[in-house]
Each structure stands twice: as structure tokens, then as C-alpha cells.
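Asks: I have a structure I would like to understand better, so I am pasting it below and will then ask my questions one at a time.
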Amino acid sequence: MKRAFPILGVLTAILLSYALYLALVVAPTERTMGDVQRIFYYHVPSAWTAFILFFINFGASVFYLIKRNPAADIVALVTAEVGVVFCTVVLVTGPIWARPVWGIWWTWDMRLTSTLVLWLIYVSYLFLRRFSSSGQTPLLAAALAVLGALCVPFVYFSIWFFRTQHPQPVMGGGGSIDPRMLHVLLINWLAFSCFAYLVCWSRYRLEKLQRDVDHAHALESLLAPRGSVR
Amino acid sequence: MTAPTGITRVTLLKDLRLEWRSKDAINSMLFFSLLVVVVFSFSFDPSAEESRQIAGGLIWVAFLFAAVVALNQTWARELRNQVLDAYRVSPAPANSLFMAKTLGNFIFVSVLEALMTPLFIVFYRLRALGPAWQLLLVAVLGTWALVVNGTFFAAMSLRTRSREIMLPLLLFPISIPALLAMVQSTTAILNGEGARFWIVLLVTYDLVFTTVCLLLFETVLNAE
Amino acid sequence: MNKTYYLFAAYTVTWIIHIAYLGTIVRRYSHLKREIEELKKPGVSS
């Protein structure tokens, strides 16, 4: 299991480099936006990856609520954290893309706004994790994750209708996509998915190790002979 | 065995009686309502035409802050007297306690809103161009949305450090769809436009979140 | 040329964010490794 990690790491690095090459060189230049449009190949896969990670977080949280499985709790924590990282990338690359194309840093368009709210929900989840005392954290966090995930459809619906009433420039270009661009997009998504998997795996191992060490500390103070308080 | 609704009623009446007896709470509520409206009037000039257009949003932000203030002290009394431990060991279902708390908060926040609304109407010279009864419906649905999640998160925040800041931190993001609906429907009704989509959204939101909070409250209460 | 600057900024920022996060994982990992060494020492609970 451990040996696979460096191999997968190297493979992922190669895949990421190939994906980058495709995005910068091979993909056709967009007609209206020019080269700046290539941000799309990083912006969109990051968004998809974040959504998948948050979905896994929901699944792991429900599983934890039913089975109280500690591994599920770690998976929930890890996917939320890594999901927030990818979501941050989306929220940063979005404005960097918008500025040269639309002249403004931010627009309350459907996709960016929904992503922002999603980010807020999962950051609040991470705050709960950080501020809650360790005994109850997994349960409380799992409950919050369920509420947060259920909120997501409402977020999309409400912002969609809001934007239909008050239209704004749509970022990220809707409509059909050139098949060559789609190919590059999918390769980048695959590369980032592998990368996300490895990051989650590392974070999982770290968290597992942290908890084992904490248990060891707890045991040590329980079993320490009297009068040996450090 | 007392029925769950019986427990809810008893707990609710107890809370209301306690609030009513401590006149401090009522006086501070009155003054708080006035302060909020005055502060908003200084921040958003009521004589400006734009302010009347965003009055829907202003009112709901004011209500939101009033709700957070009310919710933060929702469990404080229970915590002081170890009442929560008593609830945990009693055979009473956790749902009943949750409903009682939520209804109590709902009444509490509604009173605050009822005090603030006339002030807003007077200060901002508001007039409803649409059917005014719909405004009442939106107020009820919106307040319930804030209070049901708020009571749940207040219970969660009990076991965290920085308890008071945790509540808004958790409540605000999840309330965003409901807030959007409240503000948009209020503005629409004030301007004589249709608000059906937003009202339906609020109803759905209330149903979904009330159900899930009821289902999960037992877990949160007993988390130890 | 101006617009391409934004493209490279976006890609760079993406990797800065990812590397920063990986950095926190690595840092905490080495912290833990040190703690484990401490725990393993025989004279720990004197």
C-alpha cells in the first residue's frame, strides 16, 4: 500500500504535466477571448473535483451517522478540507479570468455565486471541526455536513432564479464546446482527480497518525505511575 | 406517559412564563428593536429613493441580527442549571425539547420583529403595493427558517469554544438561500410584483430543514 | 501580451494554493514524527 504512493505520485506528476502541455499548447485558441480562455482548463476541473469531494463528504458523514465508523469520520474531514482547497482555486481563478475578459473582478453570476456559498458552507464545517472539543466533534460535524449538503440544491435553485430575474454576464462560457477543447478539459480533470486522490490519501494518513499519537498520549497519562506528571 | 406534544407544550409554556416574569428581557427587547432600526436609518438614509428599494433587504438583515441575539441566549438558561443533563436522562423524546425550544424562539423573534416592523414602516415610509397578507406569510416562513436552523446550531455550539461566534458562523452560510428568498419576496411584494417562486422555495426549505433537524437533534443532544 | 499575463497568473496561483496546502501536511507530518520519537524513548514516563 505504502509503496504504491511514490509510483502513483510520479504518474500523477507526469499526467499533470501532459495536461498542462495540452492546455497551453495543443488546445485551440478561443475565438473571442484568446489565450486567457485557457484558464478554463484549470478552473472547471477544480470545480468538478471540489463538487465530487463534497459529495463524498456527504456520503461519509451519513455513513458515520449510521455506523459510527471512525474511518468514515476521517474521510469526511479529509474530503471537506481538500474540497475547500479546490474550491478556493475556483474562486481565485474565476476573477483572474473575469478581469481581462469582462473588465471586472467579480460578478454575481450563477456559477461563481453558488461556488462562493458552497465554499462558505464547508469552511463553516471546518470551523466547527476546529472549535469543537474532540469527543463530540465527529457526530456534530456529520450532522452539519448533512444539513450543508441538503442546502446545496436550494443554493443552486435560488441563485438560478435570482439570476434569471437579474441577468449578469455569465462567466465560463455556456453552450457547446469544441471537441478538441473537451478532450483537453477531460484530461485535465483526470489529472486533477488523481492529484486530489493523492492529496486526500496523504491527509488521511496524517490524520490517522495524529489520532493514534493522541491515543498514545491519552493511554500514557492513564497508565503513568503516580507522581510522574511531566 | 405524557405524549410528545404534551411535553412540547409544557416546556414551551415554562420558557414563555420565565421570559415573561423577567421583565429585563422584555425591556431590553424593546430597546434593542428601536436601536437596530435607528442604526439602520443612519446607515441607509431613509429619504433616499434607493433605500426604499432595498428596504426589503434591510428589514431582513435587521431581523437576522435580532434572531442571532435571541438564539444565543436560548440555551444559556438551560446550561446554567444543568437542565440539559436532566433532559438527556429523562424518557422524553429529544424532538419534543427541540420543538419547544424552536417554538419559543419563534415567538421571541416574532415579537422582536413585530416591534421593529412599525418603526421601519414609519422611518422608511414603506407602502406595500402588493397584497400585504403575503408579507405576513413571508415573515412567518422566513422567521421559521432562521429559527429552526438557529436553534439546532445553538445546541451544536454549546460544546464548542467561542460559543457565541459559532452560532452565526454556522447559521449564515446555510441560511443564504432562505435569506435570498425572504429578501426577494419582500421586495417583490412591496413593489407589487409576484413572489410565488420565492414563497414556494421558503415552504420547501422550511419543510426539509425542520424534518432533518428533528431527525438529527437526538444525535446532537446526546453527543458526548 | 497583457492578457496572457493573467493566464500565467491563474496557473501559478493554482499551484501556489496546492503547494501551500501540501506544505502544511508535510509540516504537521514531521512534527508528528518528532513526537513519535519522543514517545518511543524509554525514559519518557519516568
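For the C-alpha cells, the naming scheme is as follows: chains receive sequential letters (A, B, ...) according to their order of presentation, residues are indexed from 1 within each chain, and ligands are indexed from 1 in presentation order.
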Show me, as an NGL selection string, the residues of chain A whose atoms get within 6 Å of chain B, using only C-alpha atoms for the distance check.
Replies: :A and (120-121 or 124 or 131-132 or 136 or 154-155 or 158)
Asks: Determine the nearest neighbour of chain C from the options A:Arg111, A:Arg68, A:His215, A:Arg129, counting only C-alpha atoms.
Replies: A:His215
Asks: Just need the residues of chain A within 9 Å of chain C, counting only C-alpha atoms, so spit them out as a ChimeraX atom specification.
Replies: /A:34-39,42-43,82,85-86,88-90,92-94,96-97,99-101,199,202-203,206,209-210,213,216-217,220-221,224-225,228-230
Asks: Just how far from atom CA of Phe51 of chain A is atom CA of Val117 of chain A, in Å to one decimal?
Replies: 12.5 Å
Asks: Which value, in Å to one decimal, gives the distance between atom CA of Glu193 of chain B and atom CA of Glu50 of chain B?
Replies: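 Going from atom CA of Glu193 of chain B over to atom CA of Glu50 of chain B covers 17.5 Å.
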Asks: Report, in Å to a single decimal, how far apart atom CA of Trp119 of chain A and atom CA of Leu182 of chain A are.
Replies: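 Taking atom CA of Leu182 of chain A and atom CA of Trp119 of chain A, their separation equals 26.1 Å.
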Asks: Using only C-alpha atoms, which residues sit within 9 Å of Arg127 of chain B once same-chain residues fewer than 2 positions away are excluded, as a list in words?
Replies: Ile121, Arg125, Leu129, Gly130, Leu190 and Asn191 of chain B
Asks: Suppose we keep C-alpha atoms; can you now write the selection as a compact mmCIF listing (two decimals), in the first residue's frame?
Replies:
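Result file follows (part_2.txt):
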# COMPACT_ATOMS: atom_id res chain seq x y z
CA ILE B 121 -42.55 51.36 8.06
CA ARG B 125 -42.26 55.41 4.65
CA LEU B 129 -48.03 47.77 -3.46
CA GLY B 130 -48.76 44.05 -3.45
CA LEU B 190 -43.58 45.82 -1.69
CA ASN B 191 -43.21 46.64 -5.38
Asks: Mind checking which residues fall within 7 Å of segment 77-80 of chain A, counting only C-alpha atoms, ignoring those fewer than 5 positions away in the same chain, and posting them as a list in words?
Replies: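 My list of contacting residues is Leu53, Phe54, Ile56, Asn57, Tyr122, Cys200, Arg203 and Tyr204 of chain A.
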Asks: Quick one: everything within 12 Å of Asp45 of chain B, counting only C-alpha atoms, minus sequence neighbours fewer than 5 positions away in the same chain. Send it as a PyMOL selection string.
Replies: chain B and resi 37-40+50-55+58+123-125
Asks: Could you please take those selected residues and save N, CA and C atoms as a JSON list (two decimals), in the first residue's frame?
Replies:
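Saved result, result-v4.json, follows:
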[["chain", "number", "residue", "atom", "x", "y", "z"],
["B", 37, "VAL", "N", -33.33, 49.63, 14.39],
["B", 37, "VAL", "CA", -33.95, 50.41, 13.32],
["B", 37, "VAL", "C", -33.27, 51.77, 13.18],
["B", 38, "VAL", "N", -32.93, 52.40, 14.31],
["B", 38, "VAL", "CA", -32.28, 53.71, 14.24],
["B", 38, "VAL", "C", -30.91, 53.60, 13.58],
["B", 39, "VAL", "N", -30.14, 52.59, 14.00],
["B", 39, "VAL", "CA", -28.81, 52.41, 13.41],
["B", 39, "VAL", "C", -28.92, 52.21, 11.90],
["B", 40, "PHE", "N", -29.88, 51.40, 11.49],
["B", 40, "PHE", "CA", -30.07, 51.19, 10.05],
["B", 40, "PHE", "C", -30.46, 52.48, 9.36],
["B", 50, "GLU", "N", -33.23, 55.10, -3.22],
["B", 50, "GLU", "CA", -32.62, 53.76, -3.28],
["B", 50, "GLU", "C", -32.94, 52.97, -2.02],
["B", 51, "SER", "N", -32.94, 53.67, -0.88],
["B", 51, "SER", "CA", -33.16, 52.97, 0.37],
["B", 51, "SER", "C", -34.52, 52.31, 0.40],
["B", 52, "ARG", "N", -35.52, 52.98, -0.15],
["B", 52, "ARG", "CA", -36.85, 52.37, -0.14],
["B", 52, "ARG", "C", -36.86, 51.12, -1.00],
["B", 53, "GLN", "N", -36.01, 51.15, -2.05],
["B", 53, "GLN", "CA", -35.98, 49.98, -2.91],
["B", 53, "GLN", "C", -35.31, 48.80, -2.25],
["B", 54, "ILE", "N", -34.33, 49.06, -1.37],
["B", 54, "ILE", "CA", -33.66, 47.94, -0.71],
["B", 54, "ILE", "C", -34.21, 47.68, 0.67],
["B", 55, "ALA", "N", -35.35, 48.35, 1.01],
["B", 55, "ALA", "CA", -35.91, 48.20, 2.35],
["B", 55, "ALA", "C", -36.17, 46.75, 2.69],
["B", 58, "LEU", "N", -33.01, 45.39, 3.98],
["B", 58, "LEU", "CA", -32.64, 45.99, 5.26],
["B", 58, "LEU", "C", -33.40, 45.36, 6.41],
["B", 123, "PHE", "N", -40.17, 54.95, 9.59],
["B", 123, "PHE", "CA", -38.92, 55.62, 9.23],
["B", 123, "PHE", "C", -38.67, 55.61, 7.73],
["B", 124, "TYR", "N", -39.03, 54.51, 7.07],
["B", 124, "TYR", "CA", -38.73, 54.39, 5.65],
["B", 124, "TYR", "C", -39.94, 54.69, 4.77],
["B", 125, "ARG", "N", -41.04, 55.08, 5.40],
["B", 125, "ARG", "CA", -42.26, 55.41, 4.65],
["B", 125, "ARG", "C", -42.59, 54.30, 3.66]]
